[in-house]
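Q: The structure's right below; bear with me while I get my questions together.
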Amino acid sequence: MDIVAMVLGIIGILCFGISIWLFVKMKNERIKYLELQNQEGKGPNVVVIGGGTGQSIFLRGLKHHTQNITAVVTVADDGGGSGVLRADLGMLPPGDIRNCIMALANIEPTMNEVMQYRFEEGVLKGQSFGNLFLAAMNGLYGNFETAVYKIGQVFAITGRVLPVTLQNVDLIATLDNGQVIRGESAIPKIVKKQKCKIDKITLTPEDCRPLDEVISSIHGADIIVMGPGSLYTSVIPNLLVPGVIDAIKKSNAKKVYIPNVMTQPGETDGYNVLDHVEALIKHTGYGLIDYIVVNNEQIPESVSKRYKDDGSTQVLLNNEQKLKLKCMGIKTIEDNLIEIKNSYIRHNADKISDIIVNLAKNH
């Protein structure tokens with residue numbers, strides 16, 4: 001542990017030096033960014049609630065459509081490098097926060113690669129440089145919220161990134177068979193082992209407080225987007241923080257849910273679009289969703305096979321589901337929303353961003 005602390009200390013000093021270098025290196029980019037911030041018509045005010053890879057991919061496209069972005073990010077992650085830092089340093093998990101910051105950053109590609117670099121050997125094996133950078137800033141300022149804000153300044157991000165709460169929270173999953181699982185990283189593993197679906201997700205402590213800026217951003221939004229991202233471990237955890245659901249329902253903004261393109265083994269096995277929506281309603285009640293944005297492009301068999309081998313299938317919408325959603329007061333927007341790169345299926349960030357921004361403008 002002493003070795004880890006020493007290494008983290010060295011990394012902290014290195015990070016501080018790099019931050020100074022970044023300020024100089026990105027002078028022109030920051031000037032352009034500030035000019036954009038001062039322009040009229042910065043675009044609609046979009047709040048994106050979620051976490052994980054899906055959220056950061058969406059944000060990467062969204063920043064080219066509007067300057068007014070608030071990313072609200074879950075902090076229940078307890079696995080991987082984030083989990084190690086959370087356990088060793090008592091800080092909030094930095095992984096999803098880091099990914100959102102980098103998605104919204106206006107920096108040179110090389111620096112982006114450095115921040116995403118993951119160590120392959122030694123005591124830092126599996127840890128990303130970006131996580132360590134955020135840990136160093138957290139230690140420097142003694143406050144996670146301030147650390148995230150300062151890094152946002154360093155990287156001249158478009159919009160802002162907010163942890164949904166500053167309290168240390170854990171996920172609790174109750175399965176259909178009554179088994180209770182504690183910890184975000186343990187949930188999909190045990191679900192797959194038990195071959196039993198998730199019945200309910202809760203947070204502990206249940207009385208955690210949301211960040212004030214999260215609530216104010218929801219109240220001021222033109223449109224609120226939930227997802228894309230893991231249903232039970234990225235999207236729903238944000239909504240379980242007391243005050244968040246009420247703020248969303250009271251907001252005059254349009255409320256949109258974007259389900260994943262593929263099911264997630266250990267979370268949403270066999271789910272269709274309606275199943276995703278019903279799971280959200282079960283945890284939040286009715287009135288949270290006005291629109292659902294769904295991919296309607298059939299994925300080629302050559303690509304989907306590798307996903308099927310892992311137990312993942314395409315999330316589909318049919319006429320029966322659409323009728324039920326309509327009865328719930330939920331409008332559906334369908335389009336070809338997928339992008340396939342290196343045999344990996346992702347949302348096309350530009351397409352969904354265009355849909356979201358047009359919805360907001362027609363508010």
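Convention: chains lettered A, B, ... in structure tokens order; per-chain residue numbering from 1; ligands numbered from 1 as shown.
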What's the 6 Å shell around A:His347, counting only C-alpha atoms, without same-chain residues fewer than 2 positions away, as a ChimeraX atom specification?
A: /A:337-339,349
Q: May I have the selected residues written with C-alpha atoms, as a compact mmCIF listing (two decimals), in the first residue's frame?
A:
```txt
# COMPACT_ATOMS: atom_id res chain seq x y z
CA LEU A 337 -28.92 4.83 -35.49
CA ILE A 338 -26.08 2.32 -35.51
CA GLU A 339 -22.43 2.68 -36.40
CA ALA A 349 -23.57 9.89 -32.09
```
Q: So that I can check the surroundings of A:Leu171, please list as an mmCIF file with N, CA, C and O atoms, in the first residue's frame every protein, DNA and RNA residue that reaches within 7 Å of it, counting only C-alpha atoms and ignoring chain neighbours fewer than 6 positions away.
A:
```cif
data_model
loop_
_atom_site.group_PDB
_atom_site.id
_atom_site.type_symbol
_atom_site.label_atom_id
_atom_site.label_comp_id
_atom_site.auth_asym_id
_atom_site.auth_seq_id
_atom_site.Cartn_x
_atom_site.Cartn_y
_atom_site.Cartn_z
ATOM 1 N N ALA A 76 -21.616 5.084 -8.858
ATOM 2 C CA ALA A 76 -21.773 3.831 -8.106
ATOM 3 C C ALA A 76 -20.789 2.756 -8.555
ATOM 4 O O ALA A 76 -20.817 1.641 -8.036
ATOM 5 N N ARG A 182 -24.850 -6.953 -3.666
ATOM 6 C CA ARG A 182 -24.326 -5.618 -3.381
ATOM 7 C C ARG A 182 -23.116 -5.348 -4.257
ATOM 8 O O ARG A 182 -22.205 -6.171 -4.347
ATOM 9 N N GLY A 183 -23.110 -4.194 -4.914
ATOM 10 C CA GLY A 183 -21.947 -3.787 -5.693
ATOM 11 C C GLY A 183 -22.201 -3.841 -7.190
ATOM 12 O O GLY A 183 -22.628 -4.881 -7.719
ATOM 13 N N GLU A 184 -21.937 -2.730 -7.875
ATOM 14 C CA GLU A 184 -22.188 -2.616 -9.310
ATOM 15 C C GLU A 184 -21.473 -3.680 -10.120
ATOM 16 O O GLU A 184 -22.047 -4.282 -11.034
ATOM 17 N N ILE A 201 -33.504 -2.419 -8.389
ATOM 18 C CA ILE A 201 -32.218 -1.823 -8.043
ATOM 19 C C ILE A 201 -32.471 -0.730 -7.007
ATOM 20 O O ILE A 201 -33.404 0.067 -7.145
ATOM 21 N N THR A 202 -31.652 -0.688 -5.962
ATOM 22 C CA THR A 202 -31.734 0.384 -4.974
ATOM 23 C C THR A 202 -30.336 0.921 -4.683
ATOM 24 O O THR A 202 -29.335 0.297 -5.055
ATOM 25 N N LEU A 203 -30.277 2.071 -4.044
ATOM 26 C CA LEU A 203 -29.013 2.671 -3.628
ATOM 27 C C LEU A 203 -28.869 2.567 -2.125
ATOM 28 O O LEU A 203 -29.846 2.601 -1.381
ATOM 29 N N THR A 204 -27.644 2.450 -1.685
ATOM 30 C CA THR A 204 -27.371 2.579 -0.260
ATOM 31 C C THR A 204 -26.209 3.542 -0.085
ATOM 32 O O THR A 204 -25.192 3.393 -0.776
#
```
Q: Excluding A:Ile289 and its own-chain neighbours fewer than 6 positions away, which residues fall within 9 Å of it when counting only C-alpha atoms? Please give them as a list in words.
A: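 Everything that qualifies: Met226, Lys249, Lys254, Lys255, Val256, Tyr257, Val277, Ile281, Gly329, Ile330 and Lys331 of chain A.
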Q: Check stretch 141-304 of chain A with DSSP on the backbone and list each residue it calls strand (DSSP E or B), as a CSV table (one decimal) with N, CA and C atoms, in the first residue's frame.
A:
```csv
chain,number,residue,atom,x,y,z
A,160,ARG,N,-20.5,21.0,-19.2
A,160,ARG,CA,-19.9,20.6,-17.9
A,160,ARG,C,-20.3,19.2,-17.6
A,161,VAL,N,-19.5,18.6,-16.7
A,161,VAL,CA,-19.8,17.3,-16.2
A,161,VAL,C,-20.0,17.3,-14.7
A,162,LEU,N,-21.1,16.6,-14.2
A,162,LEU,CA,-21.4,16.7,-12.8
A,162,LEU,C,-21.6,15.3,-12.3
A,163,PRO,N,-21.0,14.9,-11.2
A,163,PRO,CA,-21.4,13.6,-10.5
A,163,PRO,C,-22.8,13.8,-9.9
A,165,THR,N,-24.1,12.7,-7.3
A,165,THR,CA,-24.0,13.0,-5.9
A,165,THR,C,-22.5,12.9,-5.5
A,170,ASP,N,-23.5,2.7,-3.1
A,170,ASP,CA,-23.4,1.4,-3.6
A,170,ASP,C,-24.7,1.0,-4.2
A,171,LEU,N,-24.7,0.1,-5.2
A,171,LEU,CA,-25.9,-0.4,-5.8
A,171,LEU,C,-26.2,-1.7,-5.2
A,172,ILE,N,-27.5,-1.9,-4.9
A,172,ILE,CA,-28.1,-3.2,-4.4
A,172,ILE,C,-29.1,-3.7,-5.4
A,173,ALA,N,-28.9,-4.9,-5.9
A,173,ALA,CA,-29.8,-5.5,-6.8
A,173,ALA,C,-30.6,-6.7,-6.1
A,174,THR,N,-31.9,-6.7,-6.3
A,174,THR,CA,-32.7,-7.8,-5.8
A,174,THR,C,-33.2,-8.6,-7.0
A,175,LEU,N,-32.9,-9.9,-7.1
A,175,LEU,CA,-33.3,-10.7,-8.2
A,175,LEU,C,-34.7,-11.3,-8.1
A,180,VAL,N,-30.1,-11.1,-3.0
A,180,VAL,CA,-29.7,-9.7,-2.9
A,180,VAL,C,-28.2,-9.6,-3.2
A,181,ILE,N,-27.8,-8.7,-4.2
A,181,ILE,CA,-26.4,-8.5,-4.6
A,181,ILE,C,-26.0,-7.1,-4.3
A,182,ARG,N,-24.9,-7.0,-3.7
A,182,ARG,CA,-24.3,-5.6,-3.4
A,182,ARG,C,-23.1,-5.3,-4.3
A,198,ILE,N,-33.1,-9.4,-13.0
A,198,ILE,CA,-33.1,-8.3,-11.9
A,198,ILE,C,-34.5,-7.9,-11.7
A,199,ASP,N,-34.9,-7.8,-10.5
A,199,ASP,CA,-36.3,-7.4,-10.1
A,199,ASP,C,-36.2,-5.9,-9.8
A,200,LYS,N,-35.3,-5.5,-9.0
A,200,LYS,CA,-35.2,-4.1,-8.4
A,200,LYS,C,-33.8,-3.7,-8.1
A,201,ILE,N,-33.5,-2.4,-8.4
A,201,ILE,CA,-32.2,-1.8,-8.0
A,201,ILE,C,-32.5,-0.7,-7.0
A,202,THR,N,-31.7,-0.7,-6.0
A,202,THR,CA,-31.7,0.4,-5.0
A,202,THR,C,-30.3,0.9,-4.7
A,203,LEU,N,-30.3,2.1,-4.0
A,203,LEU,CA,-29.0,2.7,-3.6
A,203,LEU,C,-28.9,2.6,-2.1
A,204,THR,N,-27.6,2.4,-1.7
A,204,THR,CA,-27.4,2.6,-0.3
A,204,THR,C,-26.2,3.5,-0.1
A,210,PRO,N,-28.5,14.7,-3.9
A,210,PRO,CA,-28.0,15.1,-5.2
A,210,PRO,C,-27.2,16.4,-5.1
A,223,ILE,N,-34.2,20.0,-22.9
A,223,ILE,CA,-34.4,18.6,-23.1
A,223,ILE,C,-33.6,17.8,-22.2
A,224,ILE,N,-34.1,16.7,-21.7
A,224,ILE,CA,-33.4,15.8,-20.8
A,224,ILE,C,-33.3,14.4,-21.4
A,225,VAL,N,-32.1,13.9,-21.5
A,225,VAL,CA,-31.9,12.6,-22.2
A,225,VAL,C,-31.4,11.6,-21.2
A,226,MET,N,-32.1,10.5,-21.1
A,226,MET,CA,-31.6,9.4,-20.2
A,226,MET,C,-31.1,8.3,-21.1
A,254,LYS,N,-38.5,18.5,-22.6
A,254,LYS,CA,-38.9,17.2,-23.1
A,254,LYS,C,-38.0,16.2,-22.5
A,255,LYS,N,-38.6,15.0,-22.2
A,255,LYS,CA,-37.8,13.9,-21.6
A,255,LYS,C,-37.7,12.8,-22.6
A,256,VAL,N,-36.5,12.4,-22.8
A,256,VAL,CA,-36.2,11.3,-23.9
A,256,VAL,C,-35.4,10.2,-23.2
A,257,TYR,N,-35.8,9.0,-23.6
A,257,TYR,CA,-35.0,7.8,-23.2
A,257,TYR,C,-34.4,7.1,-24.5
A,262,MET,N,-28.0,-3.1,-28.2
A,262,MET,CA,-27.9,-4.5,-27.9
A,262,MET,C,-28.2,-4.7,-26.4
A,291,TYR,N,-40.5,10.8,-25.0
A,291,TYR,CA,-40.1,10.2,-26.3
A,291,TYR,C,-39.1,9.1,-26.0
A,292,ILE,N,-39.1,8.1,-26.9
A,292,ILE,CA,-38.1,7.1,-26.9
A,292,ILE,C,-37.4,7.1,-28.3
A,293,VAL,N,-36.1,7.1,-28.4
A,293,VAL,CA,-35.4,7.1,-29.7
A,293,VAL,C,-34.8,5.7,-29.9
A,294,VAL,N,-35.2,5.1,-30.9
A,294,VAL,CA,-34.9,3.7,-31.1
A,294,VAL,C,-34.3,3.4,-32.5
A,295,ASN,N,-33.3,2.5,-32.5
A,295,ASN,CA,-32.7,2.1,-33.8
A,295,ASN,C,-33.6,1.1,-34.4
```
Q: Would you kindly return, as a compact mmCIF listing (two decimals) with N, CA, C and O atoms, in the first residue's frame, each protein, DNA or RNA residue with an atom no farther than 6 Å from any atom of stretch 104-109 of chain A, considering only C-alpha atoms and excluding same-chain residues fewer than 5 positions away?
A:
```txt
# COMPACT_ATOMS: atom_id res chain seq x y z
N ARG A 60 -19.71 12.86 -27.30
CA ARG A 60 -18.69 13.20 -28.31
C ARG A 60 -19.33 13.76 -29.58
O ARG A 60 -18.76 14.64 -30.24
N PHE A 155 -9.15 21.12 -19.81
CA PHE A 155 -9.39 20.52 -21.11
C PHE A 155 -10.39 21.30 -21.95
O PHE A 155 -10.82 20.84 -23.00
N ALA A 156 -10.76 22.50 -21.48
CA ALA A 156 -11.66 23.38 -22.24
C ALA A 156 -12.88 22.62 -22.74
O ALA A 156 -13.20 22.64 -23.94
N ILE A 157 -13.57 21.93 -21.84
CA ILE A 157 -14.68 21.09 -22.28
C ILE A 157 -15.88 21.93 -22.72
O ILE A 157 -16.08 23.05 -22.26
N THR A 158 -16.64 21.38 -23.63
CA THR A 158 -17.88 21.98 -24.07
C THR A 158 -18.97 21.57 -23.09
O THR A 158 -19.30 20.39 -23.00
```
Q: From the set A:Val315, A:Ile258, A:Ile248, A:Ala221, which residue has the shortest atom-to-atom contact distance to A:Gly287, counting only C-alpha atoms?
A: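 Closest to A:Gly287 of all the choices is A:Ile248.
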Q: Taking into account only C-alpha atoms, which residue in the set A:Ile97, A:Gly159, A:Ser128, A:Thr313 is nearest to A:His65?
A: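 Closest residue, counting only C-alpha atoms: A:Gly159.
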Q: Which residues are close to A:Lys195, i.e. within 10 Å by only C-alpha atoms, leaving aside same-chain residues fewer than 4 positions away? Reply as a list of chain:residue names.
A: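 In the requested form, the answer reads A:Leu175, A:Asn177, A:Lys189, A:Ile190, A:Val191, A:Gly266, A:Asp269.
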Q: Those same residues, written as an mmCIF file, in the first residue's frame with all heavy atoms?
A:
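Saved as again38.cif:
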```cif
data_model
loop_
_atom_site.group_PDB
_atom_site.id
_atom_site.type_symbol
_atom_site.label_atom_id
_atom_site.label_comp_id
_atom_site.auth_asym_id
_atom_site.auth_seq_id
_atom_site.Cartn_x
_atom_site.Cartn_y
_atom_site.Cartn_z
ATOM 1 N N LEU A 175 -32.895 -9.874 -7.065
ATOM 2 C CA LEU A 175 -33.261 -10.695 -8.210
ATOM 3 C C LEU A 175 -34.674 -11.263 -8.051
ATOM 4 O O LEU A 175 -35.261 -11.210 -6.965
ATOM 5 C CB LEU A 175 -32.250 -11.830 -8.383
ATOM 6 C CG LEU A 175 -30.766 -11.445 -8.462
ATOM 7 C CD1 LEU A 175 -29.928 -12.663 -8.834
ATOM 8 C CD2 LEU A 175 -30.540 -10.319 -9.445
ATOM 9 N N ASN A 177 -35.484 -14.226 -7.836
ATOM 10 C CA ASN A 177 -35.492 -15.330 -6.874
ATOM 11 C C ASN A 177 -35.279 -14.873 -5.438
ATOM 12 O O ASN A 177 -35.165 -15.693 -4.526
ATOM 13 C CB ASN A 177 -34.431 -16.374 -7.252
ATOM 14 C CG ASN A 177 -33.013 -15.821 -7.206
ATOM 15 O OD1 ASN A 177 -32.770 -14.691 -6.776
ATOM 16 N ND2 ASN A 177 -32.046 -16.620 -7.657
ATOM 17 N N LYS A 189 -22.280 -10.347 -12.999
ATOM 18 C CA LYS A 189 -21.623 -11.653 -12.837
ATOM 19 C C LYS A 189 -22.560 -12.655 -12.162
ATOM 20 O O LYS A 189 -22.712 -13.792 -12.614
ATOM 21 C CB LYS A 189 -20.338 -11.498 -12.010
ATOM 22 C CG LYS A 189 -19.267 -10.657 -12.674
ATOM 23 C CD LYS A 189 -18.066 -10.484 -11.738
ATOM 24 C CE LYS A 189 -17.022 -9.567 -12.344
ATOM 25 N NZ LYS A 189 -15.888 -9.324 -11.411
ATOM 26 N N ILE A 190 -23.192 -12.236 -11.079
ATOM 27 C CA ILE A 190 -24.059 -13.149 -10.326
ATOM 28 C C ILE A 190 -25.363 -13.399 -11.066
ATOM 29 O O ILE A 190 -25.912 -14.508 -11.025
ATOM 30 C CB ILE A 190 -24.317 -12.596 -8.904
ATOM 31 C CG1 ILE A 190 -22.983 -12.526 -8.138
ATOM 32 C CG2 ILE A 190 -25.319 -13.453 -8.145
ATOM 33 C CD1 ILE A 190 -23.080 -11.942 -6.748
ATOM 34 N N VAL A 191 -25.875 -12.387 -11.755
ATOM 35 C CA VAL A 191 -27.101 -12.573 -12.555
ATOM 36 C C VAL A 191 -26.875 -13.646 -13.611
ATOM 37 O O VAL A 191 -27.720 -14.532 -13.816
ATOM 38 C CB VAL A 191 -27.535 -11.246 -13.214
ATOM 39 C CG1 VAL A 191 -28.618 -11.495 -14.256
ATOM 40 C CG2 VAL A 191 -28.056 -10.274 -12.162
ATOM 41 N N GLY A 266 -26.273 -10.285 -18.280
ATOM 42 C CA GLY A 266 -26.237 -10.085 -16.837
ATOM 43 C C GLY A 266 -27.057 -8.898 -16.372
ATOM 44 O O GLY A 266 -27.154 -8.636 -15.170
ATOM 45 N N ASP A 269 -30.819 -9.342 -20.360
ATOM 46 C CA ASP A 269 -30.915 -10.512 -21.242
ATOM 47 C C ASP A 269 -32.342 -10.686 -21.770
ATOM 48 O O ASP A 269 -33.299 -10.767 -20.990
ATOM 49 C CB ASP A 269 -30.503 -11.778 -20.482
ATOM 50 C CG ASP A 269 -29.076 -11.692 -19.960
ATOM 51 O OD1 ASP A 269 -28.154 -12.018 -20.709
ATOM 52 O OD2 ASP A 269 -28.900 -11.275 -18.799
#
```
Q: Fewer than 5 positions away in the same chain doesn't count, so skip those; otherwise give me all residues within 10 Å of A:Lys322, counting only C-alpha atoms, as a list of chain:residue names.
A: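 Listing them by chain and then by number gives A:Val273, A:Leu274, A:Leu317, A:Cys327, A:Met328, A:Ile330, A:Lys331, A:Thr332.
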